[in-house]
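data20.pdb follows (PDB, C-alpha atoms):
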ATOM      1  CA  MET O   1     -13.709 -16.388  27.666
ATOM      2  CA  ILE O   2     -11.896 -18.778  25.352
ATOM      3  CA  ILE O   3      -8.855 -20.634  26.701
ATOM      4  CA  THR O   4      -6.794 -22.369  24.052
ATOM      5  CA  GLY O   5      -3.410 -24.033  23.712
ATOM      6  CA  ASP O   6      -1.650 -27.316  23.052
ATOM      7  CA  ASP O   7      -1.061 -28.249  26.724
ATOM      8  CA  SER O   8      -4.244 -29.732  28.203
ATOM      9  CA  GLU O   9      -2.749 -30.003  31.701
ATOM     10  CA  TYR O  10      -1.839 -26.331  31.800
ATOM     11  CA  ILE O  11      -5.295 -25.368  30.483
ATOM     12  CA  ALA O  12      -6.834 -27.336  33.369
ATOM     13  CA  PHE O  13      -4.490 -25.526  35.786
ATOM     14  CA  VAL O  14      -5.510 -22.104  34.432
ATOM     15  CA  LYS O  15      -9.219 -22.938  34.731
ATOM     16  CA  ALA O  16      -8.730 -24.128  38.309
ATOM     17  CA  ARG O  17      -6.939 -20.904  39.281
ATOM     18  CA  LEU O  18      -9.673 -18.824  37.660
ATOM     19  CA  ARG O  19     -12.356 -20.727  39.607
ATOM     20  CA  ASP O  20     -10.501 -19.895  42.813
ATOM     21  CA  HIS O  21     -10.949 -16.159  42.190
ATOM     22  CA  PHE O  22     -14.077 -15.855  40.033
ATOM     23  CA  LEU O  23     -17.514 -17.430  39.808
ATOM     24  CA  MET O  24     -17.367 -19.205  36.457
ATOM     25  CA  THR O  25     -18.839 -22.165  34.571
ATOM     26  CA  ASP O  26     -16.852 -24.485  32.324
ATOM     27  CA  LEU O  27     -18.854 -24.938  29.109
ATOM     28  CA  GLY O  28     -16.523 -27.592  27.715
ATOM     29  CA  PRO O  29     -15.050 -27.675  24.204
ATOM     30  CA  LEU O  30     -15.647 -24.574  22.082
ATOM     31  CA  ARG O  31     -18.781 -24.880  19.925
ATOM     32  CA  TYR O  32     -20.525 -21.478  19.944
ATOM     33  CA  PHE O  33     -19.154 -18.049  20.793
ATOM     34  CA  LEU O  34     -20.514 -14.565  19.970
ATOM     35  CA  GLY O  35     -22.564 -15.913  17.067
ATOM     36  CA  ILE O  36     -19.718 -18.040  15.688
ATOM     37  CA  GLU O  37     -20.281 -21.777  15.320
ATOM     38  CA  ILE O  38     -17.156 -23.922  15.632
ATOM     39  CA  SER O  39     -16.893 -27.605  14.800
ATOM     40  CA  SER O  40     -13.753 -29.708  15.211
ATOM     41  CA  THR O  41     -12.709 -32.736  13.172
ATOM     42  CA  SER O  42      -9.554 -34.801  12.887
ATOM     43  CA  ASP O  43      -8.546 -32.686   9.867
ATOM     44  CA  GLY O  44      -9.098 -29.237  11.381
ATOM     45  CA  PHE O  45     -11.683 -26.667  12.436
ATOM     46  CA  TYR O  46     -14.727 -25.236  10.676
ATOM     47  CA  ILE O  47     -16.227 -21.875  11.616
ATOM     48  CA  SER O  48     -19.546 -20.516  10.364
ATOM     49  CA  GLN O  49     -22.497 -18.332  11.338
ATOM     50  CA  GLU O  50     -25.493 -20.261  10.072
ATOM     51  CA  LYS O  51     -27.739 -19.363  13.018
ATOM     52  CA  TYR O  52     -26.765 -15.685  12.824
ATOM     53  CA  ILE O  53     -27.637 -15.603   9.108
ATOM     54  CA  GLN O  54     -30.964 -17.352   9.774
ATOM     55  CA  ASP O  55     -31.849 -14.698  12.366
ATOM     56  CA  LEU O  56     -30.755 -11.949   9.953
ATOM     57  CA  LEU O  57     -32.985 -13.311   7.162
ATOM     58  CA  ALA O  58     -35.911 -13.591   9.590
ATOM     59  CA  ARG O  59     -35.491  -9.920  10.538
ATOM     60  CA  ALA O  60     -35.243  -8.937   6.869
ATOM     61  CA  ALA O  61     -38.627 -10.579   6.099
ATOM     62  CA  LEU O  62     -37.940 -10.874   2.376
ATOM     63  CA  GLY O  63     -41.330 -12.410   1.594
ATOM     64  CA  ASP O  64     -40.002 -15.051  -0.832
ATOM     65  CA  GLU O  65     -37.653 -18.032  -0.840
ATOM     66  CA  ARG O  66     -35.540 -17.112  -3.861
ATOM     67  CA  THR O  67     -31.778 -17.615  -3.914
ATOM     68  CA  ILE O  68     -29.166 -16.267  -6.327
ATOM     69  CA  GLU O  69     -25.646 -17.303  -7.335
ATOM     70  CA  THR O  70     -23.802 -13.987  -6.886
ATOM     71  CA  PRO O  71     -24.301 -11.258  -4.246
ATOM     72  CA  MET O  72     -23.842  -8.319  -6.634
ATOM     73  CA  GLU O  73     -23.687  -7.796 -10.373
ATOM     74  CA  LEU O  74     -20.361  -7.082 -12.025
ATOM     75  CA  ASN O  75     -19.279  -3.426 -12.400
ATOM     76  CA  VAL O  76     -22.125  -1.983 -10.337
ATOM     77  CA  MET O  77     -21.520   1.731  -9.692
ATOM     78  CA  LEU O  78     -23.887   3.191  -7.115
ATOM     79  CA  GLN O  79     -24.148   6.898  -6.340
ATOM     80  CA  PRO O  80     -25.758   8.754  -3.416
ATOM     81  CA  THR O  81     -28.287  10.378  -5.791
ATOM     82  CA  ASP O  82     -29.583   7.111  -7.305
ATOM     83  CA  GLY O  83     -33.286   6.482  -6.711
ATOM     84  CA  TYR O  84     -35.528   8.055  -4.090
ATOM     85  CA  PRO O  85     -34.843   8.405  -0.342
ATOM     86  CA  LEU O  86     -36.300   5.603   1.759
ATOM     87  CA  PRO O  87     -39.194   6.762   3.963
ATOM     88  CA  ASP O  88     -37.645   4.833   6.859
ATOM     89  CA  SER O  89     -33.929   4.062   6.641
ATOM     90  CA  THR O  90     -33.806   2.130   9.937
ATOM     91  CA  CYS O  91     -34.238  -1.269   8.281
ATOM     92  CA  TYR O  92     -31.472  -0.602   5.731
ATOM     93  CA  ARG O  93     -29.050   0.555   8.414
ATOM     94  CA  HIS O  94     -29.843  -2.399  10.640
ATOM     95  CA  LEU O  95     -29.360  -4.973   7.867
ATOM     96  CA  VAL O  96     -26.146  -3.429   6.531
ATOM     97  CA  GLY O  97     -24.781  -3.142  10.077
ATOM     98  CA  SER O  98     -25.498  -6.840  10.613
ATOM     99  CA  LEU O  99     -23.668  -7.658   7.370
ATOM    100  CA  VAL O 100     -20.668  -5.571   8.462
ATOM    101  CA  TYR O 101     -20.557  -7.619  11.676
ATOM    102  CA  LEU O 102     -20.723 -10.814   9.622
ATOM    103  CA  VAL O 103     -17.887  -9.822   7.264
ATOM    104  CA  TYR O 104     -15.428  -7.657   9.178
ATOM    105  CA  LEU O 105     -15.911  -8.177  12.918
ATOM    106  CA  VAL O 106     -16.493 -11.927  13.065
ATOM    107  CA  ILE O 107     -14.725 -12.638   9.734
ATOM    108  CA  THR O 108     -16.595 -15.702   8.509
ATOM    109  CA  ARG O 109     -17.908 -14.552   5.089
ATOM    110  CA  PRO O 110     -15.191 -13.002   2.911
ATOM    111  CA  ASP O 111     -17.295 -13.731  -0.208
ATOM    112  CA  ILE O 112     -19.568 -10.741   0.507
ATOM    113  CA  SER O 113     -16.830  -8.329   1.548
ATOM    114  CA  TYR O 114     -17.022  -6.243  -1.635
ATOM    115  CA  PRO O 115     -20.835  -5.714  -1.821
ATOM    116  CA  VAL O 116     -20.994  -4.961   1.908
ATOM    117  CA  HIS O 117     -18.260  -2.357   1.474
ATOM    118  CA  ILE O 118     -20.266  -0.717  -1.335
ATOM    119  CA  LEU O 119     -23.612  -0.778   0.501
ATOM    120  CA  SER O 120     -22.178   0.506   3.779
ATOM    121  CA  GLN O 121     -21.223   3.806   2.100
ATOM    122  CA  PHE O 122     -24.908   4.830   1.911
ATOM    123  CA  VAL O 123     -26.167   4.128   5.443
ATOM    124  CA  SER O 124     -26.496   7.847   6.191
ATOM    125  CA  ALA O 125     -29.024   8.445   3.373
ATOM    126  CA  PRO O 126     -30.050   5.165   1.677
ATOM    127  CA  THR O 127     -32.347   5.207  -1.345
ATOM    128  CA  THR O 128     -34.633   2.738  -3.080
ATOM    129  CA  VAL O 129     -31.827   1.788  -5.483
ATOM    130  CA  HIS O 130     -29.423   1.039  -2.644
ATOM    131  CA  TYR O 131     -32.045  -1.124  -0.957
ATOM    132  CA  SER O 132     -32.696  -3.004  -4.207
ATOM    133  CA  HIS O 133     -28.987  -3.951  -4.295
ATOM    134  CA  LEU O 134     -29.103  -5.039  -0.646
ATOM    135  CA  LEU O 135     -31.766  -7.682  -1.323
ATOM    136  CA  PRO O 136     -29.560  -9.815  -3.652
ATOM    137  CA  VAL O 137     -26.903 -10.022  -0.926
ATOM    138  CA  LEU O 138     -29.498 -11.420   1.478
ATOM    139  CA  ARG O 139     -30.779 -13.902  -1.117
ATOM    140  CA  TYR O 140     -27.203 -14.973  -1.831
ATOM    141  CA  LEU O 141     -26.665 -15.631   1.885
ATOM    142  CA  ARG O 142     -29.833 -17.714   1.974
ATOM    143  CA  GLY O 143     -28.491 -19.953  -0.796
ATOM    144  CA  THR O 144     -25.018 -20.252   0.756
ATOM    145  CA  ILE O 145     -25.966 -20.358   4.421
ATOM    146  CA  THR O 146     -24.073 -23.594   5.072
ATOM    147  CA  ARG O 147     -20.723 -22.340   3.756
ATOM    148  CA  ARG O 148     -17.888 -22.482   6.296
ATOM    149  CA  LEU O 149     -14.254 -21.482   6.644
ATOM    150  CA  PHE O 150     -11.841 -24.368   7.140
ATOM    151  CA  PHE O 151      -8.633 -24.176   9.166
ATOM    152  CA  PRO O 152      -6.575 -27.364   8.632
ATOM    153  CA  ARG O 153      -4.510 -28.815  11.473
ATOM    154  CA  SER O 154      -1.628 -29.765   9.175
ATOM    155  CA  SER O 155      -1.277 -26.349   7.546
ATOM    156  CA  SER O 156       2.131 -24.735   7.277
ATOM    157  CA  LEU O 157       2.925 -21.521   9.134
ATOM    158  CA  GLN O 158       4.028 -19.488   6.118
ATOM    159  CA  LEU O 159       2.232 -16.348   4.996
ATOM    160  CA  GLN O 160       0.991 -15.852   1.448
ATOM    161  CA  CYS O 161      -1.154 -12.950   0.308
ATOM    162  CA  TYR O 162      -2.950 -11.477  -2.690
ATOM    163  CA  SER O 163      -3.389  -7.798  -3.561
ATOM    164  CA  ASP O 164      -5.732  -6.131  -6.034
ATOM    165  CA  ALA O 165      -7.332  -2.777  -6.809
ATOM    166  CA  THR O 166     -10.146  -1.377  -8.932
ATOM    167  CA  TRP O 167      -9.030   1.867 -10.528
ATOM    168  CA  ALA O 168     -11.356   4.913 -10.221
ATOM    169  CA  SER O 169     -14.297   2.624  -9.484
ATOM    170  CA  ASP O 170     -16.264   5.105  -7.377
ATOM    171  CA  PRO O 171     -18.348   7.220  -9.798
ATOM    172  CA  SER O 172     -18.913   9.997  -7.251
ATOM    173  CA  ASP O 173     -15.258  10.927  -6.595
ATOM    174  CA  HIS O 174     -13.243   8.511  -8.818
ATOM    175  CA  HIS O 175     -11.376   7.019  -5.888
ATOM    176  CA  SER O 176     -10.061   3.483  -6.290
ATOM    177  CA  LEU O 177     -10.608   0.461  -4.062
ATOM    178  CA  SER O 178      -7.850  -1.549  -2.404
ATOM    179  CA  ALA O 179      -8.432  -5.209  -1.612
ATOM    180  CA  TYR O 180      -6.361  -8.031  -0.222
ATOM    181  CA  CYS O 181      -6.604 -11.471   1.340
ATOM    182  CA  LEU O 182      -3.971 -13.167   3.468
ATOM    183  CA  PHE O 183      -3.371 -16.869   4.119
ATOM    184  CA  LEU O 184      -1.410 -18.576   6.880
ATOM    185  CA  GLY O 185      -0.611 -21.831   5.150
ATOM    186  CA  GLY O 186      -3.969 -23.002   3.822
ATOM    187  CA  SER O 187      -6.026 -20.911   6.267
ATOM    188  CA  LEU O 188      -7.578 -17.598   5.251
ATOM    189  CA  ILE O 189      -6.950 -15.335   8.241
ATOM    190  CA  ALA O 190      -7.413 -11.752   6.990
ATOM    191  CA  TRP O 191      -9.045  -9.822   4.169
ATOM    192  CA  LYS O 192     -10.130  -6.268   3.488
ATOM    193  CA  THR O 193     -11.779  -4.003   0.932
ATOM    194  CA  LYS O 194     -11.048  -0.311   1.506
ATOM    195  CA  LYS O 195     -11.570   2.894  -0.410
ATOM    196  CA  GLN O 196      -8.326   4.725  -1.133
ATOM    197  CA  THR O 197      -7.941   8.191   0.358
ATOM    198  CA  ALA O 198      -6.529   9.854  -2.780
ATOM    199  CA  VAL O 199      -7.380   9.769  -6.481
ATOM    200  CA  SER O 200      -4.960   7.583  -8.444
ATOM    201  CA  ARG O 201      -3.786   8.873 -11.819
ATOM    202  CA  SER O 202      -3.267   5.386 -13.233
ATOM    203  CA  SER O 203      -4.179   1.776 -12.540
ATOM    204  CA  VAL O 204      -0.548   1.088 -11.594
ATOM    205  CA  GLU O 205      -0.762   3.768  -8.918
ATOM    206  CA  ALA O 206      -3.973   2.268  -7.531
ATOM    207  CA  GLU O 207      -2.431  -1.217  -7.484
ATOM    208  CA  LEU O 208       0.696   0.099  -5.752
ATOM    209  CA  ARG O 209      -1.373   1.769  -3.024
ATOM    210  CA  ALA O 210      -3.220  -1.525  -2.486
ATOM    211  CA  MET O 211       0.131  -3.306  -2.295
ATOM    212  CA  ALA O 212       1.357  -0.817   0.335
ATOM    213  CA  LEU O 213      -1.783  -1.416   2.431
ATOM    214  CA  LEU O 214      -1.175  -5.168   2.290
ATOM    215  CA  THR O 215       2.541  -4.766   3.016
ATOM    216  CA  ALA O 216       1.742  -2.938   6.264
ATOM    217  CA  GLN O 217      -0.618  -5.753   7.286
ATOM    218  CA  VAL O 218       1.996  -8.425   6.465
ATOM    219  CA  THR O 219       4.661  -6.576   8.464
ATOM    220  CA  TRP O 220       2.392  -6.434  11.509
ATOM    221  CA  LEU O 221       1.422 -10.117  11.195
ATOM    222  CA  ARG O 222       5.064 -11.200  10.993
ATOM    223  CA  TRP O 223       5.710  -9.310  14.245
ATOM    224  CA  LEU O 224       2.636 -10.897  15.824
ATOM    225  CA  LEU O 225       3.685 -14.422  14.804
ATOM    226  CA  ALA O 226       7.165 -13.743  16.211
ATOM    227  CA  ASP O 227       5.527 -12.825  19.550
ATOM    228  CA  PHE O 228       3.816 -16.240  19.413
ATOM    229  CA  TRP O 229       7.243 -17.897  18.874
ATOM    230  CA  VAL O 230       6.362 -18.812  15.287
ATOM    231  CA  SER O 231       9.547 -18.708  13.244
ATOM    232  CA  ILE O 232       9.147 -17.276   9.732
ATOM    233  CA  THR O 233      12.510 -17.468   8.013
ATOM    234  CA  THR O 234      11.401 -17.048   4.394
ATOM    235  CA  PRO O 235      10.087 -13.883   2.690
ATOM    236  CA  THR O 236       6.309 -13.522   2.494
ATOM    237  CA  LEU O 237       5.010 -13.907  -1.051
ATOM    238  CA  VAL O 238       2.862 -10.942  -2.136
ATOM    239  CA  LEU O 239       0.936 -11.713  -5.324
ATOM    240  CA  SER O 240      -0.479  -9.003  -7.592
ATOM    241  CA  ASP O 241      -1.927  -9.055 -11.103
ATOM    242  CA  SER O 242      -0.319  -5.693 -11.991
ATOM    243  CA  THR O 243       3.066  -6.125 -13.662
ATOM    244  CA  GLY O 244       3.511  -2.337 -13.571
ATOM    245  CA  ALA O 245       3.061  -2.133  -9.788
ATOM    246  CA  ILE O 246       5.420  -5.073  -9.262
ATOM    247  CA  SER O 247       8.039  -3.431 -11.474
ATOM    248  CA  VAL O 248       7.833  -0.111  -9.611
ATOM    249  CA  ALA O 249       8.007  -1.850  -6.223
ATOM    250  CA  ARG O 250      11.127  -3.770  -7.260
ATOM    251  CA  ASP O 251      13.088  -1.173  -9.198
ATOM    252  CA  PRO O 252      14.321   2.009  -7.438
ATOM    253  CA  VAL O 253      15.335   3.445 -10.826
ATOM    254  CA  LYS O 254      11.678   4.023 -11.641
ATOM    255  CA  HIS O 255      11.345   6.715  -8.960
ATOM    256  CA  GLU O 256      10.530   9.335 -11.622
ATOM    257  CA  LEU O 257       7.290   7.472 -12.311
ATOM    258  CA  THR O 258       6.262   7.403  -8.650
ATOM    259  CA  LYS O 259       7.071  10.843  -7.247
ATOM    260  CA  HIS O 260       3.398  11.824  -7.157
ATOM    261  CA  ILE O 261       2.391   8.675  -5.275
ATOM    262  CA  GLY O 262       4.120   9.783  -2.090
ATOM    263  CA  VAL O 263       5.532   7.293   0.388
ATOM    264  CA  ASP O 264       3.571   4.206  -0.712
ATOM    265  CA  ALA O 265       6.082   3.145  -3.354
ATOM    266  CA  PHE O 266       9.052   3.809  -1.083
ATOM    267  CA  TYR O 267       7.434   2.019   1.870
ATOM    268  CA  THR O 268       6.737  -1.092  -0.211
ATOM    269  CA  ARG O 269      10.237  -0.982  -1.689
ATOM    270  CA  ALA O 270      11.809  -0.615   1.789
ATOM    271  CA  GLN O 271       9.967  -3.682   3.070
ATOM    272  CA  LEU O 272      11.179  -5.670   0.057
TER     273      LEU O 272
END
Turn this file's structure into structure tokens for me.
Amino acid sequence: MIITGDDSEYIAFVKARLRDHFLMTDLGPLRYFLGIEISSTSDGFYISQEKYIQDLLARAALGDERTIETPMELNVMLQPTDGYPLPDSTCYRHLVGSLVYLVYLVITRPDISYPVHILSQFVSAPTTVHYSHLLPVLRYLRGTITRRLFFPRSSSLQLQCYSDATWASDPSDHHSLSAYCLFLGGSLIAWKTKKQTAVSRSSVEAELRAMALLTAQVTWLRWLLADFWVSITTPTLVLSDSTGAISVARDPVKHELTKHIGVDAFYTRAQL
């Protein structure tokens, strides 16, 4: 259990009441929890998973000490039929599952979010080609094992987010990918890479669907911050590199261009 807050006296009171009803041990300031390493400085907090990655690399038994600069090559398009089926897929599933935990459940390594999303699509029937693209991710982690996320103490409490999409990037069904990252002040607090459920007829449509996914996340976070008595009086800035998607989201007159998209355009426009 983690007990946190800005009132040290009340934290001590809560711990004392818990000890009255439960058998518990006070481990002191937070340093390690569920594989997450936390270090505190006068400027803020650092979180990492260096030990978890070391254990993961030991289980992978790569057989060399090579490191690489990027986890996956640009514009890689993997298909289920690439290569030959692995004689034993247990190792692949175990390693990819550990990477999913590292990226999405404990949220300490957003830099491998995209390759992990791609590799996790083939856990049911991995092949030699899929495994060959898994190894660079592990070698990249070895070379960047000391990287940490920083959460500054003096950061503002205003949301800012970025949206993007890759149009028809899946060669098997031509579905696009939505991606976003969300900052609270200078702290990265949420990110996601997700395959879209429908085929987009244009890059603008794919970008607009990604923007709608991010808009839903921003709406929920604003409600959550309000529950924490954090006052957000200014609009949240949503940044996208698609001028077409921004134009459609802003201008109701362009509804003729977005009828086939469904509710995504109207949902984004309503939140604006």
Please determine, counting all atoms listed in the file, which residue among O:Met1, O:Leu225, O:Val137, O:Ile47 has the shortest atom-to-atom distance to O:Leu27. O:Met1
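Counting all atoms listed in the file, O:Gln121 has the following residues at most 12 Å away, ignoring those fewer than 2 positions along the same chain: Met77, Leu78, Gln79, Pro80, Tyr92, Arg93, Val96, Gly97, Val100, Tyr114, Pro115, Val116, His117, Ile118, Leu119, Val123, Ser124, Ala125, Pro126, Thr127, His130, Asp170, Ser172, Lys194 and Lys195 of chain O.
Every protein, DNA or RNA residue with an atom at most 12 Å from O:Ser42, where all atoms listed in the file count and chain neighbours fewer than 3 positions away do not, is listed here: Ser39, Phe45, Tyr46, Phe151, Pro152, Arg153 and Ser154 of chain O.
Interatomic distance, atom CA of O:Ala190 to atom CA of O:Ile232: 17.7 Å.
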Name the residues captured by the PyMOL selection byres ((chain O and resi 55-69) around 6) when it is applied to the shown file; answer as an MDAnalysis selection string. chainID O and resid 52:54 70 139:140 143
Please output stretch 186-197 of chain O, rebuilt to include all heavy atoms, as a PDB file, keeping the file's coordinate frame.
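New file part-v4.pdb:
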ATOM      1  N   GLY O 186      -2.732 -22.860   4.574  1.00  0.00           N
ATOM      2  CA  GLY O 186      -3.969 -23.002   3.822  1.00  0.00           C
ATOM      3  C   GLY O 186      -5.157 -22.341   4.470  1.00  0.00           C
ATOM      4  O   GLY O 186      -6.299 -22.540   4.030  1.00  0.00           O
ATOM      5  N   SER O 187      -4.936 -21.532   5.507  1.00  0.00           N
ATOM      6  CA  SER O 187      -6.026 -20.911   6.267  1.00  0.00           C
ATOM      7  C   SER O 187      -6.145 -19.434   5.917  1.00  0.00           C
ATOM      8  O   SER O 187      -5.158 -18.688   6.028  1.00  0.00           O
ATOM      9  CB  SER O 187      -5.788 -21.064   7.771  1.00  0.00           C
ATOM     10  OG  SER O 187      -5.660 -22.421   8.132  1.00  0.00           O
ATOM     11  N   LEU O 188      -7.316 -19.011   5.515  1.00  0.00           N
ATOM     12  CA  LEU O 188      -7.578 -17.598   5.251  1.00  0.00           C
ATOM     13  C   LEU O 188      -7.788 -16.889   6.581  1.00  0.00           C
ATOM     14  O   LEU O 188      -8.739 -17.183   7.306  1.00  0.00           O
ATOM     15  CB  LEU O 188      -8.821 -17.456   4.373  1.00  0.00           C
ATOM     16  CG  LEU O 188      -9.266 -16.043   4.018  1.00  0.00           C
ATOM     17  CD1 LEU O 188      -8.195 -15.313   3.229  1.00  0.00           C
ATOM     18  CD2 LEU O 188     -10.581 -16.076   3.235  1.00  0.00           C
ATOM     19  N   ILE O 189      -6.905 -15.948   6.918  1.00  0.00           N
ATOM     20  CA  ILE O 189      -6.950 -15.335   8.241  1.00  0.00           C
ATOM     21  C   ILE O 189      -7.260 -13.841   8.208  1.00  0.00           C
ATOM     22  O   ILE O 189      -7.589 -13.252   9.238  1.00  0.00           O
ATOM     23  CB  ILE O 189      -5.633 -15.558   9.006  1.00  0.00           C
ATOM     24  CG1 ILE O 189      -4.455 -14.938   8.246  1.00  0.00           C
ATOM     25  CG2 ILE O 189      -5.395 -17.043   9.251  1.00  0.00           C
ATOM     26  CD1 ILE O 189      -3.152 -14.954   9.041  1.00  0.00           C
ATOM     27  N   ALA O 190      -7.145 -13.196   7.045  1.00  0.00           N
ATOM     28  CA  ALA O 190      -7.413 -11.752   6.990  1.00  0.00           C
ATOM     29  C   ALA O 190      -7.778 -11.354   5.577  1.00  0.00           C
ATOM     30  O   ALA O 190      -7.254 -11.904   4.607  1.00  0.00           O
ATOM     31  CB  ALA O 190      -6.190 -10.951   7.470  1.00  0.00           C
ATOM     32  N   TRP O 191      -8.696 -10.387   5.465  1.00  0.00           N
ATOM     33  CA  TRP O 191      -9.045  -9.822   4.169  1.00  0.00           C
ATOM     34  C   TRP O 191      -9.635  -8.438   4.392  1.00  0.00           C
ATOM     35  O   TRP O 191     -10.075  -8.103   5.495  1.00  0.00           O
ATOM     36  CB  TRP O 191     -10.044 -10.716   3.427  1.00  0.00           C
ATOM     37  CG  TRP O 191     -11.332 -10.920   4.158  1.00  0.00           C
ATOM     38  CD1 TRP O 191     -12.442 -10.115   4.184  1.00  0.00           C
ATOM     39  CD2 TRP O 191     -11.649 -12.027   5.015  1.00  0.00           C
ATOM     40  NE1 TRP O 191     -13.413 -10.638   4.982  1.00  0.00           N
ATOM     41  CE2 TRP O 191     -12.964 -11.814   5.500  1.00  0.00           C
ATOM     42  CE3 TRP O 191     -10.965 -13.177   5.405  1.00  0.00           C
ATOM     43  CZ2 TRP O 191     -13.590 -12.711   6.367  1.00  0.00           C
ATOM     44  CZ3 TRP O 191     -11.590 -14.064   6.259  1.00  0.00           C
ATOM     45  CH2 TRP O 191     -12.888 -13.832   6.720  1.00  0.00           C
ATOM     46  N   LYS O 192      -9.624  -7.637   3.340  1.00  0.00           N
ATOM     47  CA  LYS O 192     -10.130  -6.268   3.488  1.00  0.00           C
ATOM     48  C   LYS O 192     -10.433  -5.668   2.127  1.00  0.00           C
ATOM     49  O   LYS O 192      -9.736  -5.950   1.142  1.00  0.00           O
ATOM     50  CB  LYS O 192      -9.102  -5.399   4.220  1.00  0.00           C
ATOM     51  CG  LYS O 192      -9.648  -4.045   4.683  1.00  0.00           C
ATOM     52  CD  LYS O 192      -8.684  -3.378   5.633  1.00  0.00           C
ATOM     53  CE  LYS O 192      -9.327  -2.209   6.347  1.00  0.00           C
ATOM     54  NZ  LYS O 192      -8.436  -1.634   7.377  1.00  0.00           N
ATOM     55  N   THR O 193     -11.485  -4.862   2.074  1.00  0.00           N
ATOM     56  CA  THR O 193     -11.779  -4.003   0.932  1.00  0.00           C
ATOM     57  C   THR O 193     -11.895  -2.583   1.465  1.00  0.00           C
ATOM     58  O   THR O 193     -12.697  -2.332   2.361  1.00  0.00           O
ATOM     59  CB  THR O 193     -13.088  -4.410   0.236  1.00  0.00           C
ATOM     60  OG1 THR O 193     -13.009  -5.771  -0.176  1.00  0.00           O
ATOM     61  CG2 THR O 193     -13.347  -3.526  -0.970  1.00  0.00           C
ATOM     62  N   LYS O 194     -11.090  -1.661   0.950  1.00  0.00           N
ATOM     63  CA  LYS O 194     -11.048  -0.311   1.506  1.00  0.00           C
ATOM     64  C   LYS O 194     -10.906   0.718   0.405  1.00  0.00           C
ATOM     65  O   LYS O 194     -10.127   0.544  -0.535  1.00  0.00           O
ATOM     66  CB  LYS O 194      -9.879  -0.184   2.492  1.00  0.00           C
ATOM     67  CG  LYS O 194      -9.806   1.173   3.189  1.00  0.00           C
ATOM     68  CD  LYS O 194      -8.672   1.210   4.184  1.00  0.00           C
ATOM     69  CE  LYS O 194      -8.629   2.556   4.906  1.00  0.00           C
ATOM     70  NZ  LYS O 194      -7.525   2.616   5.900  1.00  0.00           N
ATOM     71  N   LYS O 195     -11.650   1.796   0.538  1.00  0.00           N
ATOM     72  CA  LYS O 195     -11.570   2.894  -0.410  1.00  0.00           C
ATOM     73  C   LYS O 195     -10.287   3.682  -0.185  1.00  0.00           C
ATOM     74  O   LYS O 195      -9.940   4.020   0.948  1.00  0.00           O
ATOM     75  CB  LYS O 195     -12.787   3.805  -0.236  1.00  0.00           C
ATOM     76  CG  LYS O 195     -12.945   4.868  -1.299  1.00  0.00           C
ATOM     77  CD  LYS O 195     -14.245   5.621  -1.066  1.00  0.00           C
ATOM     78  CE  LYS O 195     -14.481   6.689  -2.095  1.00  0.00           C
ATOM     79  NZ  LYS O 195     -15.770   7.396  -1.873  1.00  0.00           N
ATOM     80  N   GLN O 196      -9.565   3.976  -1.253  1.00  0.00           N
ATOM     81  CA  GLN O 196      -8.326   4.725  -1.133  1.00  0.00           C
ATOM     82  C   GLN O 196      -8.615   6.188  -0.834  1.00  0.00           C
ATOM     83  O   GLN O 196      -9.625   6.747  -1.273  1.00  0.00           O
ATOM     84  CB  GLN O 196      -7.501   4.578  -2.416  1.00  0.00           C
ATOM     85  CG  GLN O 196      -7.049   3.152  -2.679  1.00  0.00           C
ATOM     86  CD  GLN O 196      -6.194   3.019  -3.919  1.00  0.00           C
ATOM     87  OE1 GLN O 196      -5.898   3.997  -4.605  1.00  0.00           O
ATOM     88  NE2 GLN O 196      -5.782   1.788  -4.232  1.00  0.00           N
ATOM     89  N   THR O 197      -7.705   6.820  -0.104  1.00  0.00           N
ATOM     90  CA  THR O 197      -7.941   8.191   0.358  1.00  0.00           C
ATOM     91  C   THR O 197      -7.639   9.244  -0.695  1.00  0.00           C
ATOM     92  O   THR O 197      -8.060  10.388  -0.562  1.00  0.00           O
ATOM     93  CB  THR O 197      -7.086   8.477   1.597  1.00  0.00           C
ATOM     94  OG1 THR O 197      -5.707   8.237   1.289  1.00  0.00           O
ATOM     95  CG2 THR O 197      -7.488   7.558   2.750  1.00  0.00           C
TER      96      THR O 197
END
